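Scroll down for the structure; my scribbles are underneath it.
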Amino acid sequence: SMVKSIPSCVCILSFHFVAVDLLTVAPGFSAGMDFPTISSKAVSEPRSYASQLADLMSFNLDLNADRESDTSTDAVRPEHPQALITGDEEADRNLQSVLDMPTGAHTGVSAWRRQVAAAASQNDEWAVVVDPTDTVPDFHQRIPQMAHEYPFELDTFQKQAIVRLEEKQCVFVAAHTSAGKTVVAEYAIAMALKHMTKAIYTSPIKALSNQKFRDFKKTFGDVGLLTGDIQLNKEGACLIMTTEILRSMLYNGSDIVRDVEWVIFDEVHYINDAERGVVWEEVLIMLPDHANVILLSATIPNTKEFAGWVGRTKRKKVHVISTSKRPVPLEHYIYTGNSSKTSKERFLVVGPTGKFDEIGYKKAVEAKKGKTSAQADKFGPKGARNFASASQDMNIYKSLVDSLEKSEQLPVVCFTFSKKRCDENSKNLRTMDLTGSQEKSRIHTFFKQSVDKLKPADRILPQVKRMRDLLSRGIAVHHSGILPILKEVVEMLFQEGLVKLLFATETFAMGVNMPARTVVFDATQKHDGTNKRDLLPSEYIQMAGRAGRRGKDTTGTVIILAKQDVPYKDSLMKMMLGRATVLQSRFRLTYTMILNLMRTADFRVEDMMKRSFGEFAHQNKVPAQRVAEQHLRQQLETAPKLECSVCTVDLPDFYSDWSETGSLERELRAVVVSCPLAVKALSVGRVIVVETTPGQHCLGLVLDNAIVKGTRCLMALVLTNSSTAEQAYVKASESGIAGGFGVELAQDANAPTAEDAIGPQRIHVPPGAASKFSIMKVEPQCVVTITEQLLHPVRSDLILNDHANRQIPRFAAYPPCSQATTAAQQLMRLIEAYPFGPPALDPVSDFHIRGLEHREKFDRVNQMRSRLTNYCCISCPLLQQHYTVVQHSARIEEQLHQLQFMLSDESLELLPEYKQRVEVLQHLRYIDEDQSIKLKGKVAREMHNQEVLVTELLFNNKLTQLEPCEIVALLSCIVFQQKRCSEPKLTPVLKQGMKDILEVARGIAVIEGQCGLDVVPDECGNNLHFGLVEVVYEWARGMPFADITQMTDVDEGTIVRCIQRLDEACKDVRNAARLYGDPAFYVKMEKASEIIKRDIVFAASLYTQ
């Protein structure tokens, strides 16, 4: 019936369009059909259109299709021959480490290597780096009819991306701020409109979503907006939303996701955010297979690694397209002026070529030094200060802005890392006026139109009046404490060029394209919540990138204010020219994630952890590890069997005890060598016994025992065969068996003899006597004993210098110095006198090691040594050969167990925490023993913030008896984030409610601690902030906004944001009441949501009107 209602001419045109331009495989399907090129005359049957539309709308969303074909998420599947991947050079090296084999390995090793190499050659990388020099000369031939036309010539990286989009490929575009990454997003949206599918655009912050909604709506029309408090045109072809909203859709299986062709992630580098970065990983993991991914980011070092992870997770190649070219080159200056006379003191330190100017930096230092000296002569010396006074700030900004205005370098954005200083700086310039009469008129008209949407009482708020005055003079302030509607007014006026001087925090640099002629840094340090530090290169680049307007400016100007001292050169160079912050995994487990994934049988929490970015390097090696596992199984099957009537009785047990004894002894050696008295004893000339290879004890002489870079370095002259293998063991024995997977069957020269098992081991005598010695670094666990012998004199400095010289190739053939040869001869005489080694110092009596744990280990070693003498196998004359056979099989089994562990879920880094959180949920009765979700779990799943705390408050009836205004006031503690503010004055009911919340939170923390989580019960209230309880309570009772702002020192914008987030929390609690069947409380929460949604707090965004 739908097709019949369409005019026939339209049907014909539609079918012609399908035959030429539409996809041959519908999103969500694994197969499709070819459309032959046909003329419009041949298209007359409308039924195909209806059937295609029905097919398009009827497919099922399946987030776990790969689990149906293989229970292992990382198995190599036939339909995906690229499963063996390498993300970047580091991942390649990690993979190679899995494949490395010991020298002289089993004859099957070479065949195994060829097998792995063949498998690797058949698997392409998921991340494909596009050559940045490819200008795509045939762009218009490859895309004769673009989905969206642009009135300008596209840049190379934009052409490269669009070509890949037309090929239905995923892309990761990394470019500088204002380079034009939005062009790629726009083209994907246009393609979705053309294909009659959907595109989803996600952003990290709601304000950016609102701004993009306005921009895209002007361009495409059919655009929707979904944020926490706004839902506009939910059926739009392009949906703009925050990443958290998309995550909720994926967890709830929203129908909207079924029709999505493109998902665009803007500001992907936000994944580094410690709190919210996990959301990006969850969404990328859960996206359905039919959705193609577009990643937009600032320039980062590890684009290929991240793209490789995304590609491997989604089983799609991701094309990495990056450009280091800035559309407008930047010039970086240091400004030392502080008056009109010194307003020209701007010194170039980094030019458009990106090279640091030493001369300019020295001039800046000299200029600042002259002012400091003059001030000291006039007023006396003063201590160093990290800030300027208000009058100094005013003079600096006046002189700078006047200079910029004269040189036509306005507008300027001044980034200040404190909301308070932003406000103070704007107040200090109360006499400055940067606008003409026509600009004042435009500003006045727009401001009045925007503010007239508010109630009369809200139009005269102090912040509104201050902003009106500032804007009339071309000055503005932008930070989180500003009312949202005023921030939008500032942004729109700035885009129109009517704001000449803007004081802003770094959030202004995120997302929407608002370039200025000049960017000024009020400081080069910021407080990150823990301490004060220099700006990171990525932070500096993000903000500095706002300088320079494309098409208007030939260069952008970046100015750093040297208010007191010029920043150190090293700090400046690192900040301006340093390496940007790499993308890192912020994946963490939350109760909401666990409960949401538990309701699906096909996608486990372990699968989510396995696919996280943090596990990428490990999971990347899984295919190679599977090949290694198969090889080890084959080795174990073909390994020779023990055929000895004596040794078959107990040799395997003997091997186990012998190995454990050696491991314990090495562990205790490290303890002994690190104790203070032993460190003192290990002076130059001390004779020690060193284990150079397992079971081989050699005599050594201490040459040096110093701390190098925080680590104790013991250098010794050791009587050995001077073999590289022995030295490698001494230097790296703490890592255990070296090499990769695979065990060689060869006679072990260090296999124990009956003499070794029964009594002490003889000191090894190298053939060639005293001429065979080595100078080597000895690890603590290789020092068998510290003897009583002390040789004097020993010229260790000469021996070490001679050894260092002989490491140079042209001196390598020189004989050792006479001092070294003499020391080696003395050691040989000691071996003749003491074949089993000189008398040793006792760890307990001489070094005073009396710790209970260490004493127990010493006793354990003695017991094991005693038990070794009771084994029957030590009477076998072929013990050494038979021991080698058992050792060979045992080492294969050991490596096989290690591989099986690495391939299992048990190797997941977060698995212990997951088990602990499951235990907490079971203890609180959110899930049962079979991990089936109970009623409390279903309620907690509805919450988006402090899910366990709010659920416990509901089920303990801590909120149900309160009034709506009291409930919403107390809930503010879970959304308000400011740590320091004035103390609220609470009613007795609110005080009791606050006490109840802290008591419940402490109870949860106690249970978490009992289950093994790293939680301190006394610190459980650190994440709950009650500073706005009184404000919200009075707001819910109807008090005007102007009055509640007088009750606290919290900024107006922060209050608004808190109450807006409270509305989302109220909806969560309301839905919970519906779930557990409390209609009265449901009505209360409905009312709670209604009484806070009024006036300026919920004023409509200017971007949506």
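Please note that chains go A, B, ... in the order of the structure tokens, that every chain numbers its residues from 1, and that ligands are numbered from 1 in the order shown.
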
Selection: 8 Å around stretch 681-689 of chain A, only C-alpha atoms, excl. self and same-chain fewer than 6 positions, as an MDAnalysis selection string | chainID A and resid 697:705 783:794 796 837

N, CA, C and O atoms of the current selection, written as a compact mmCIF listing (two decimals), in the first residue's frame:
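In the end it all went to selection_21.txt:
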# COMPACT_ATOMS: atom_id res chain seq x y z
N HIS A 697 78.63 -23.97 39.83
CA HIS A 697 79.11 -22.98 40.79
C HIS A 697 80.55 -22.60 40.48
O HIS A 697 81.41 -23.47 40.35
N CYS A 698 80.80 -21.31 40.39
CA CYS A 698 82.14 -20.80 40.07
C CYS A 698 82.58 -19.82 41.16
O CYS A 698 81.75 -19.20 41.83
N LEU A 699 83.88 -19.69 41.28
CA LEU A 699 84.43 -18.77 42.26
C LEU A 699 84.59 -17.39 41.64
O LEU A 699 85.02 -17.27 40.48
N GLY A 700 84.24 -16.35 42.40
CA GLY A 700 84.34 -15.00 41.88
C GLY A 700 84.93 -14.04 42.89
O GLY A 700 85.02 -14.34 44.08
N LEU A 701 85.34 -12.87 42.39
CA LEU A 701 85.96 -11.85 43.22
C LEU A 701 85.24 -10.53 42.98
O LEU A 701 85.12 -10.08 41.83
N VAL A 702 84.73 -9.90 44.04
CA VAL A 702 83.99 -8.66 43.91
C VAL A 702 84.93 -7.52 43.50
O VAL A 702 85.97 -7.30 44.14
N LEU A 703 84.55 -6.83 42.43
CA LEU A 703 85.32 -5.68 41.95
C LEU A 703 84.62 -4.36 42.23
O LEU A 703 85.27 -3.33 42.38
N ASP A 704 83.29 -4.38 42.29
CA ASP A 704 82.54 -3.14 42.55
C ASP A 704 81.15 -3.53 43.03
O ASP A 704 80.58 -4.53 42.58
N ASN A 705 80.61 -2.73 43.92
CA ASN A 705 79.25 -2.97 44.44
C ASN A 705 78.61 -1.62 44.69
O ASN A 705 78.50 -1.16 45.82
N VAL A 783 74.30 -15.16 43.42
CA VAL A 783 75.35 -15.24 44.44
C VAL A 783 74.99 -16.38 45.39
O VAL A 783 74.11 -16.24 46.25
N VAL A 784 75.68 -17.53 45.23
CA VAL A 784 75.36 -18.72 46.04
C VAL A 784 75.74 -18.50 47.49
O VAL A 784 74.94 -18.68 48.40
N THR A 785 76.99 -18.09 47.71
CA THR A 785 77.46 -17.82 49.07
C THR A 785 78.41 -16.65 49.06
O THR A 785 79.08 -16.37 48.06
N ILE A 786 78.47 -15.98 50.20
CA ILE A 786 79.47 -14.93 50.45
C ILE A 786 80.48 -15.54 51.41
O ILE A 786 80.13 -15.87 52.55
N THR A 787 81.70 -15.74 50.94
CA THR A 787 82.68 -16.48 51.75
C THR A 787 83.36 -15.57 52.77
O THR A 787 83.22 -14.34 52.73
N GLU A 788 84.12 -16.21 53.63
CA GLU A 788 84.87 -15.45 54.64
C GLU A 788 86.14 -14.86 54.06
O GLU A 788 86.77 -13.99 54.67
N GLN A 789 86.55 -15.33 52.88
CA GLN A 789 87.82 -14.92 52.29
C GLN A 789 87.74 -13.49 51.73
O GLN A 789 86.78 -13.12 51.07
N LEU A 790 88.78 -12.71 52.01
CA LEU A 790 88.89 -11.34 51.51
C LEU A 790 90.30 -11.16 51.00
O LEU A 790 91.27 -11.26 51.76
N LEU A 791 90.45 -10.95 49.69
CA LEU A 791 91.77 -10.83 49.08
C LEU A 791 92.24 -9.37 49.08
O LEU A 791 91.47 -8.48 48.74
N HIS A 792 93.52 -9.16 49.41
CA HIS A 792 94.12 -7.81 49.40
C HIS A 792 95.53 -7.92 48.83
O HIS A 792 96.23 -8.91 49.07
N PRO A 793 96.01 -6.91 48.15
CA PRO A 793 95.21 -5.79 47.61
C PRO A 793 94.64 -6.17 46.24
O PRO A 793 95.23 -6.97 45.53
N VAL A 794 93.50 -5.57 45.88
CA VAL A 794 92.89 -5.80 44.57
C VAL A 794 92.68 -4.44 43.91
O VAL A 794 91.94 -3.59 44.42
N SER A 796 90.83 -3.01 41.67
CA SER A 796 89.61 -3.21 40.89
C SER A 796 89.44 -2.12 39.84
O SER A 796 88.88 -2.38 38.76
N GLY A 837 84.46 -24.90 47.87
CA GLY A 837 84.31 -23.48 48.16
C GLY A 837 84.79 -23.13 49.55
O GLY A 837 84.68 -23.94 50.48

Applying 10 Å and only C-alpha atoms, which residues near A:Glu186 remain after dropping the ones on its own chain fewer than 4 positions away? List them as a compact mmCIF listing (two decimals) with C-alpha atoms, in the first residue's frame.
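Here's the written file result.txt:
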# COMPACT_ATOMS: atom_id res chain seq x y z
CA ALA A 147 27.26 12.49 -2.36
CA HIS A 148 27.92 16.03 -1.12
CA LYS A 181 38.09 16.86 9.73
CA THR A 182 34.36 17.73 9.81
CA ALA A 190 25.46 12.66 2.98
CA MET A 191 26.13 9.04 1.99
CA ALA A 192 23.67 7.81 4.62
CA ALA A 199 24.47 8.06 10.44
CA TYR A 201 27.57 11.41 15.16
CA PHE A 216 24.34 19.82 10.37
CA THR A 219 23.35 21.51 5.78
CA PHE A 220 21.23 18.35 5.73
CA CYS A 238 21.55 11.83 11.06
CA ILE A 264 31.26 8.97 13.58

For stretch 849-863 of chain A, please output as an MDAnalysis selection string all residues within 8 Å (counting only C-alpha atoms; exclusion window: fewer than 3 positions along the same chain).
-> chainID A and resid 661 664:665 668 672 675 843:845 866:867

Write out the residues from the selection above, keeping N, CA and C atoms, as a compact mmCIF listing (two decimals), in the first residue's frame.
# COMPACT_ATOMS: atom_id res chain seq x y z
N THR A 661 63.94 -26.75 45.00
CA THR A 661 65.06 -26.38 45.87
C THR A 661 65.90 -25.27 45.23
N LEU A 664 63.97 -21.95 45.35
CA LEU A 664 63.97 -21.35 46.68
C LEU A 664 65.34 -20.77 47.03
N GLU A 665 66.38 -21.50 46.67
CA GLU A 665 67.72 -21.02 46.97
C GLU A 665 68.02 -19.71 46.26
N LEU A 668 66.21 -16.92 48.03
CA LEU A 668 66.83 -16.54 49.30
C LEU A 668 68.16 -15.82 49.08
N VAL A 672 69.42 -12.42 50.89
CA VAL A 672 70.67 -12.32 51.65
C VAL A 672 71.53 -11.17 51.12
N CYS A 675 70.47 -7.56 52.14
CA CYS A 675 70.42 -7.10 53.54
C CYS A 675 71.62 -6.20 53.83
N PRO A 843 73.90 -16.66 56.87
CA PRO A 843 72.88 -15.59 56.74
C PRO A 843 72.23 -15.21 58.06
N VAL A 844 72.09 -16.18 58.97
CA VAL A 844 71.39 -15.89 60.23
C VAL A 844 72.34 -15.27 61.25
N SER A 845 73.46 -15.96 61.52
CA SER A 845 74.35 -15.47 62.57
C SER A 845 75.20 -14.28 62.13
N SER A 866 67.56 -32.53 52.51
CA SER A 866 67.61 -33.80 53.22
C SER A 866 66.79 -34.86 52.51
N ARG A 867 65.65 -34.47 51.96
CA ARG A 867 64.77 -35.42 51.29
C ARG A 867 65.39 -35.93 49.99

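The list of residues with at least one atom within 8 Å of A:Met776, based on only C-alpha atoms and without residues fewer than 6 positions apart in the same chain, reads Met715, Ala716, Leu717, Val718 and Gln727 of chain A.
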
What does the file look like for those residues with N, CA, C and O atoms, as a PDB file, in the first residue's frame?
ATOM      1  N   MET A 715      79.694  -6.048  40.264  1.00  0.00           N
ATOM      2  CA  MET A 715      80.641  -6.474  39.225  1.00  0.00           C
ATOM      3  C   MET A 715      81.672  -7.398  39.870  1.00  0.00           C
ATOM      4  O   MET A 715      82.174  -7.120  40.960  1.00  0.00           O
ATOM      5  N   ALA A 716      81.951  -8.517  39.162  1.00  0.00           N
ATOM      6  CA  ALA A 716      82.874  -9.495  39.729  1.00  0.00           C
ATOM      7  C   ALA A 716      83.732 -10.128  38.645  1.00  0.00           C
ATOM      8  O   ALA A 716      83.336 -10.200  37.476  1.00  0.00           O
ATOM      9  N   LEU A 717      84.922 -10.576  39.043  1.00  0.00           N
ATOM     10  CA  LEU A 717      85.770 -11.392  38.194  1.00  0.00           C
ATOM     11  C   LEU A 717      85.449 -12.843  38.540  1.00  0.00           C
ATOM     12  O   LEU A 717      85.608 -13.258  39.691  1.00  0.00           O
ATOM     13  N   VAL A 718      84.979 -13.606  37.573  1.00  0.00           N
ATOM     14  CA  VAL A 718      84.487 -14.965  37.824  1.00  0.00           C
ATOM     15  C   VAL A 718      85.278 -15.945  36.973  1.00  0.00           C
ATOM     16  O   VAL A 718      85.482 -15.731  35.764  1.00  0.00           O
ATOM     17  N   GLN A 727      77.347 -15.907  30.724  1.00  0.00           N
ATOM     18  CA  GLN A 727      77.170 -14.518  31.138  1.00  0.00           C
ATOM     19  C   GLN A 727      75.721 -14.093  30.976  1.00  0.00           C
ATOM     20  O   GLN A 727      75.184 -13.346  31.777  1.00  0.00           O
TER      21      GLN A 727
END

Could you give me, as JSON lines, a per-residue list for stretch 574-651 of chain A showing, wherever an atom lies at most 12 Å from an atom of stretch 302-324 of chain A, the closest pair of atoms and their distance in Å to one decimal, using only C-alpha atoms and sorting by chain then residue number from low to high?
{"residue": "A:Arg579", "atom": "CA", "partner": "A:Asn302", "partner_atom": "CA", "distance": 10.7}
{"residue": "A:Ala580", "atom": "CA", "partner": "A:Asn302", "partner_atom": "CA", "distance": 9.5}
{"residue": "A:Thr581", "atom": "CA", "partner": "A:Asn302", "partner_atom": "CA", "distance": 9.0}
{"residue": "A:Val582", "atom": "CA", "partner": "A:Asn302", "partner_atom": "CA", "distance": 5.8}
{"residue": "A:Leu583", "atom": "CA", "partner": "A:Asn302", "partner_atom": "CA", "distance": 6.7}
{"residue": "A:Gln584", "atom": "CA", "partner": "A:Phe306", "partner_atom": "CA", "distance": 8.8}
{"residue": "A:Ser585", "atom": "CA", "partner": "A:Phe306", "partner_atom": "CA", "distance": 9.6}
{"residue": "A:Asp607", "atom": "CA", "partner": "A:Thr313", "partner_atom": "CA", "distance": 10.8}
{"residue": "A:Met608", "atom": "CA", "partner": "A:Thr313", "partner_atom": "CA", "distance": 10.3}
{"residue": "A:Met609", "atom": "CA", "partner": "A:Thr313", "partner_atom": "CA", "distance": 11.7}
{"residue": "A:Lys610", "atom": "CA", "partner": "A:Thr313", "partner_atom": "CA", "distance": 9.8}
{"residue": "A:Arg611", "atom": "CA", "partner": "A:Thr313", "partner_atom": "CA", "distance": 6.3}
{"residue": "A:Ser612", "atom": "CA", "partner": "A:Trp309", "partner_atom": "CA", "distance": 8.3}
{"residue": "A:Phe613", "atom": "CA", "partner": "A:Trp309", "partner_atom": "CA", "distance": 6.4}
{"residue": "A:Gly614", "atom": "CA", "partner": "A:Trp309", "partner_atom": "CA", "distance": 9.5}
{"residue": "A:Glu615", "atom": "CA", "partner": "A:Trp309", "partner_atom": "CA", "distance": 9.4}
{"residue": "A:Phe616", "atom": "CA", "partner": "A:Trp309", "partner_atom": "CA", "distance": 6.2}
{"residue": "A:Ala617", "atom": "CA", "partner": "A:Trp309", "partner_atom": "CA", "distance": 8.7}
{"residue": "A:His618", "atom": "CA", "partner": "A:Trp309", "partner_atom": "CA", "distance": 11.2}
{"residue": "A:Gln619", "atom": "CA", "partner": "A:Arg312", "partner_atom": "CA", "distance": 9.8}
{"residue": "A:Asn620", "atom": "CA", "partner": "A:Arg312", "partner_atom": "CA", "distance": 8.6}

Could you give me, as a ChimeraX atom specification, the residues within 10 Å of A:Leu959, counting only C-alpha atoms and dropping anything in the same chain fewer than 5 positions from it?
-> /A:950,953-954,964,966-968,970-971,993,996-997,1081

Identify which of the residues A:Gln696, A:Lys777, A:Ile475, A:Glu358 lies closest to A:Val401, counting only C-alpha atoms when measuring atom-to-atom distances.
->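 Looking only at the distances to A:Val401, the closest residue turns out to be A:Ile475.
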
Test item: residues at most 12 Å from A:Glu267, only C-alpha atoms, excluding those fewer than 3 positions along its chain, as an MDAnalysis selection string = chainID A and resid 172:177 181:182 185 201:205 208:209 242:243 264 270:273 277 280 294:300 509:512 542 583

Tell me, counting only C-alpha atoms, for each residue of stretch 465-551 of chain A within 10 Å of stretch 1054-1064 of chain A, which pair of atoms is nearest and how far apart they are in Å to one decimal, in rows ordered by chain and increasing number, as a tab-separated table.
residue	atom	partner	partner_atom	distance
A:His479	CA	A:Thr1054	CA	9.8
A:Ser480	CA	A:Thr1054	CA	6.4
A:Gly481	CA	A:Thr1054	CA	5.2
A:Ile482	CA	A:Thr1054	CA	7.6
A:Leu483	CA	A:Val1056	CA	7.1
A:Pro484	CA	A:Val1056	CA	7.8

Would you write out those residues with C-alpha atoms, as an mmCIF file, in the first residue's frame?
data_model
loop_
_atom_site.group_PDB
_atom_site.id
_atom_site.type_symbol
_atom_site.label_atom_id
_atom_site.label_comp_id
_atom_site.auth_asym_id
_atom_site.auth_seq_id
_atom_site.Cartn_x
_atom_site.Cartn_y
_atom_site.Cartn_z
ATOM 1 C CA HIS A 479 34.100 28.557 31.338
ATOM 2 C CA SER A 480 31.978 25.941 33.095
ATOM 3 C CA GLY A 481 30.772 28.422 35.713
ATOM 4 C CA ILE A 482 28.970 30.559 33.103
ATOM 5 C CA LEU A 483 25.262 29.959 32.544
ATOM 6 C CA PRO A 484 24.774 27.660 29.515
#

Looking only at strand (DSSP E) from DSSP on the backbone, list the matching residues of stretch 252-406 of chain A as a list of chain:residue names.
-> A:Val260, A:Glu261, A:Trp262, A:Val263, A:Ile264, A:Phe265, A:Asn292, A:Val293, A:Ile294, A:Leu295, A:Leu296, A:Ser297, A:Val318, A:His319, A:Val320, A:Ile321, A:Ser322, A:Leu330, A:Glu331, A:His332, A:Tyr333, A:Ile334, A:Tyr335, A:Arg346, A:Phe347, A:Leu348, A:Val349, A:Val350

Those selected residues, please, written with N, CA and C atoms and delivered as a PDB file, in the first residue's frame.
ATOM      1  N   VAL A 260      21.768   1.791  11.080  1.00  0.00           N
ATOM      2  CA  VAL A 260      22.939   2.672  11.025  1.00  0.00           C
ATOM      3  C   VAL A 260      23.960   2.139  10.029  1.00  0.00           C
ATOM      4  N   GLU A 261      24.420   3.015   9.148  1.00  0.00           N
ATOM      5  CA  GLU A 261      25.493   2.677   8.214  1.00  0.00           C
ATOM      6  C   GLU A 261      26.831   3.230   8.675  1.00  0.00           C
ATOM      7  N   TRP A 262      26.811   4.446   9.248  1.00  0.00           N
ATOM      8  CA  TRP A 262      28.047   5.100   9.690  1.00  0.00           C
ATOM      9  C   TRP A 262      27.905   5.549  11.131  1.00  0.00           C
ATOM     10  N   VAL A 263      28.960   5.332  11.909  1.00  0.00           N
ATOM     11  CA  VAL A 263      29.053   5.894  13.260  1.00  0.00           C
ATOM     12  C   VAL A 263      30.319   6.733  13.313  1.00  0.00           C
ATOM     13  N   ILE A 264      30.147   8.014  13.594  1.00  0.00           N
ATOM     14  CA  ILE A 264      31.261   8.968  13.580  1.00  0.00           C
ATOM     15  C   ILE A 264      31.629   9.306  15.025  1.00  0.00           C
ATOM     16  N   PHE A 265      32.875   9.072  15.378  1.00  0.00           N
ATOM     17  CA  PHE A 265      33.378   9.396  16.714  1.00  0.00           C
ATOM     18  C   PHE A 265      34.281  10.618  16.594  1.00  0.00           C
ATOM     19  N   ASN A 292      29.755   0.951   9.886  1.00  0.00           N
ATOM     20  CA  ASN A 292      31.121   1.373   9.588  1.00  0.00           C
ATOM     21  C   ASN A 292      31.525   2.502  10.529  1.00  0.00           C
ATOM     22  N   VAL A 293      32.804   2.546  10.853  1.00  0.00           N
ATOM     23  CA  VAL A 293      33.300   3.467  11.876  1.00  0.00           C
ATOM     24  C   VAL A 293      34.164   4.544  11.242  1.00  0.00           C
ATOM     25  N   ILE A 294      33.939   5.789  11.685  1.00  0.00           N
ATOM     26  CA  ILE A 294      34.788   6.921  11.309  1.00  0.00           C
ATOM     27  C   ILE A 294      35.329   7.531  12.598  1.00  0.00           C
ATOM     28  N   LEU A 295      36.636   7.588  12.729  1.00  0.00           N
ATOM     29  CA  LEU A 295      37.287   8.126  13.915  1.00  0.00           C
ATOM     30  C   LEU A 295      37.974   9.434  13.546  1.00  0.00           C
ATOM     31  N   LEU A 296      37.648  10.492  14.285  1.00  0.00           N
ATOM     32  CA  LEU A 296      38.257  11.804  14.047  1.00  0.00           C
ATOM     33  C   LEU A 296      39.032  12.204  15.297  1.00  0.00           C
ATOM     34  N   SER A 297      40.257  12.615  15.113  1.00  0.00           N
ATOM     35  CA  SER A 297      41.088  12.908  16.279  1.00  0.00           C
ATOM     36  C   SER A 297      42.131  13.941  15.936  1.00  0.00           C
ATOM     37  N   VAL A 318      40.799  -0.727   8.854  1.00  0.00           N
ATOM     38  CA  VAL A 318      40.656   0.697   9.162  1.00  0.00           C
ATOM     39  C   VAL A 318      41.795   1.437   8.480  1.00  0.00           C
ATOM     40  N   HIS A 319      41.460   2.381   7.628  1.00  0.00           N
ATOM     41  CA  HIS A 319      42.457   3.144   6.894  1.00  0.00           C
ATOM     42  C   HIS A 319      42.863   4.363   7.711  1.00  0.00           C
ATOM     43  N   VAL A 320      44.139   4.443   8.016  1.00  0.00           N
ATOM     44  CA  VAL A 320      44.676   5.536   8.833  1.00  0.00           C
ATOM     45  C   VAL A 320      45.110   6.663   7.910  1.00  0.00           C
ATOM     46  N   ILE A 321      44.450   7.802   8.039  1.00  0.00           N
ATOM     47  CA  ILE A 321      44.731   8.966   7.197  1.00  0.00           C
ATOM     48  C   ILE A 321      45.136  10.116   8.117  1.00  0.00           C
ATOM     49  N   SER A 322      46.325  10.581   7.958  1.00  0.00           N
ATOM     50  CA  SER A 322      46.805  11.633   8.849  1.00  0.00           C
ATOM     51  C   SER A 322      47.536  12.694   8.057  1.00  0.00           C
ATOM     52  N   LEU A 330      51.680  28.340  12.401  1.00  0.00           N
ATOM     53  CA  LEU A 330      51.677  29.074  13.673  1.00  0.00           C
ATOM     54  C   LEU A 330      53.045  29.676  13.956  1.00  0.00           C
ATOM     55  N   GLU A 331      53.010  30.838  14.601  1.00  0.00           N
ATOM     56  CA  GLU A 331      54.217  31.471  15.114  1.00  0.00           C
ATOM     57  C   GLU A 331      54.044  31.645  16.614  1.00  0.00           C
ATOM     58  N   HIS A 332      55.030  31.168  17.380  1.00  0.00           N
ATOM     59  CA  HIS A 332      54.936  31.166  18.842  1.00  0.00           C
ATOM     60  C   HIS A 332      55.883  32.222  19.412  1.00  0.00           C
ATOM     61  N   TYR A 333      55.325  33.066  20.265  1.00  0.00           N
ATOM     62  CA  TYR A 333      56.087  34.180  20.840  1.00  0.00           C
ATOM     63  C   TYR A 333      56.060  34.109  22.367  1.00  0.00           C
ATOM     64  N   ILE A 334      57.072  34.749  22.957  1.00  0.00           N
ATOM     65  CA  ILE A 334      57.057  35.032  24.397  1.00  0.00           C
ATOM     66  C   ILE A 334      56.905  36.539  24.553  1.00  0.00           C
ATOM     67  N   TYR A 335      55.950  36.937  25.389  1.00  0.00           N
ATOM     68  CA  TYR A 335      55.682  38.357  25.606  1.00  0.00           C
ATOM     69  C   TYR A 335      56.176  38.748  26.988  1.00  0.00           C
ATOM     70  N   ARG A 346      57.831  41.272  21.994  1.00  0.00           N
ATOM     71  CA  ARG A 346      57.376  39.929  21.615  1.00  0.00           C
ATOM     72  C   ARG A 346      58.529  39.250  20.914  1.00  0.00           C
ATOM     73  N   PHE A 347      58.912  38.088  21.400  1.00  0.00           N
ATOM     74  CA  PHE A 347      60.099  37.419  20.871  1.00  0.00           C
ATOM     75  C   PHE A 347      59.702  36.063  20.293  1.00  0.00           C
ATOM     76  N   LEU A 348      60.008  35.868  19.016  1.00  0.00           N
ATOM     77  CA  LEU A 348      59.669  34.629  18.324  1.00  0.00           C
ATOM     78  C   LEU A 348      60.555  33.494  18.837  1.00  0.00           C
ATOM     79  N   VAL A 349      59.925  32.407  19.285  1.00  0.00           N
ATOM     80  CA  VAL A 349      60.689  31.255  19.775  1.00  0.00           C
ATOM     81  C   VAL A 349      60.495  30.016  18.887  1.00  0.00           C
ATOM     82  N   VAL A 350      59.356  29.931  18.221  1.00  0.00           N
ATOM     83  CA  VAL A 350      59.129  28.840  17.257  1.00  0.00           C
ATOM     84  C   VAL A 350      58.416  29.440  16.057  1.00  0.00           C
TER      85      VAL A 350
END

Quick one: everything within 12 Å of A:Gln1046, counting only C-alpha atoms, minus sequence neighbours fewer than 2 positions away in the same chain. Send it as a ChimeraX atom specification.
-> /A:461-462,982,984,1030-1031,1034,1039-1044,1048-1052,1055

What is the distance between atom CA of A:Trp1035 and atom CA of A:Thr951, in Å to one decimal?
->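 Value for the atom CA of A:Trp1035-atom CA of A:Thr951 distance: 25.0 Å.
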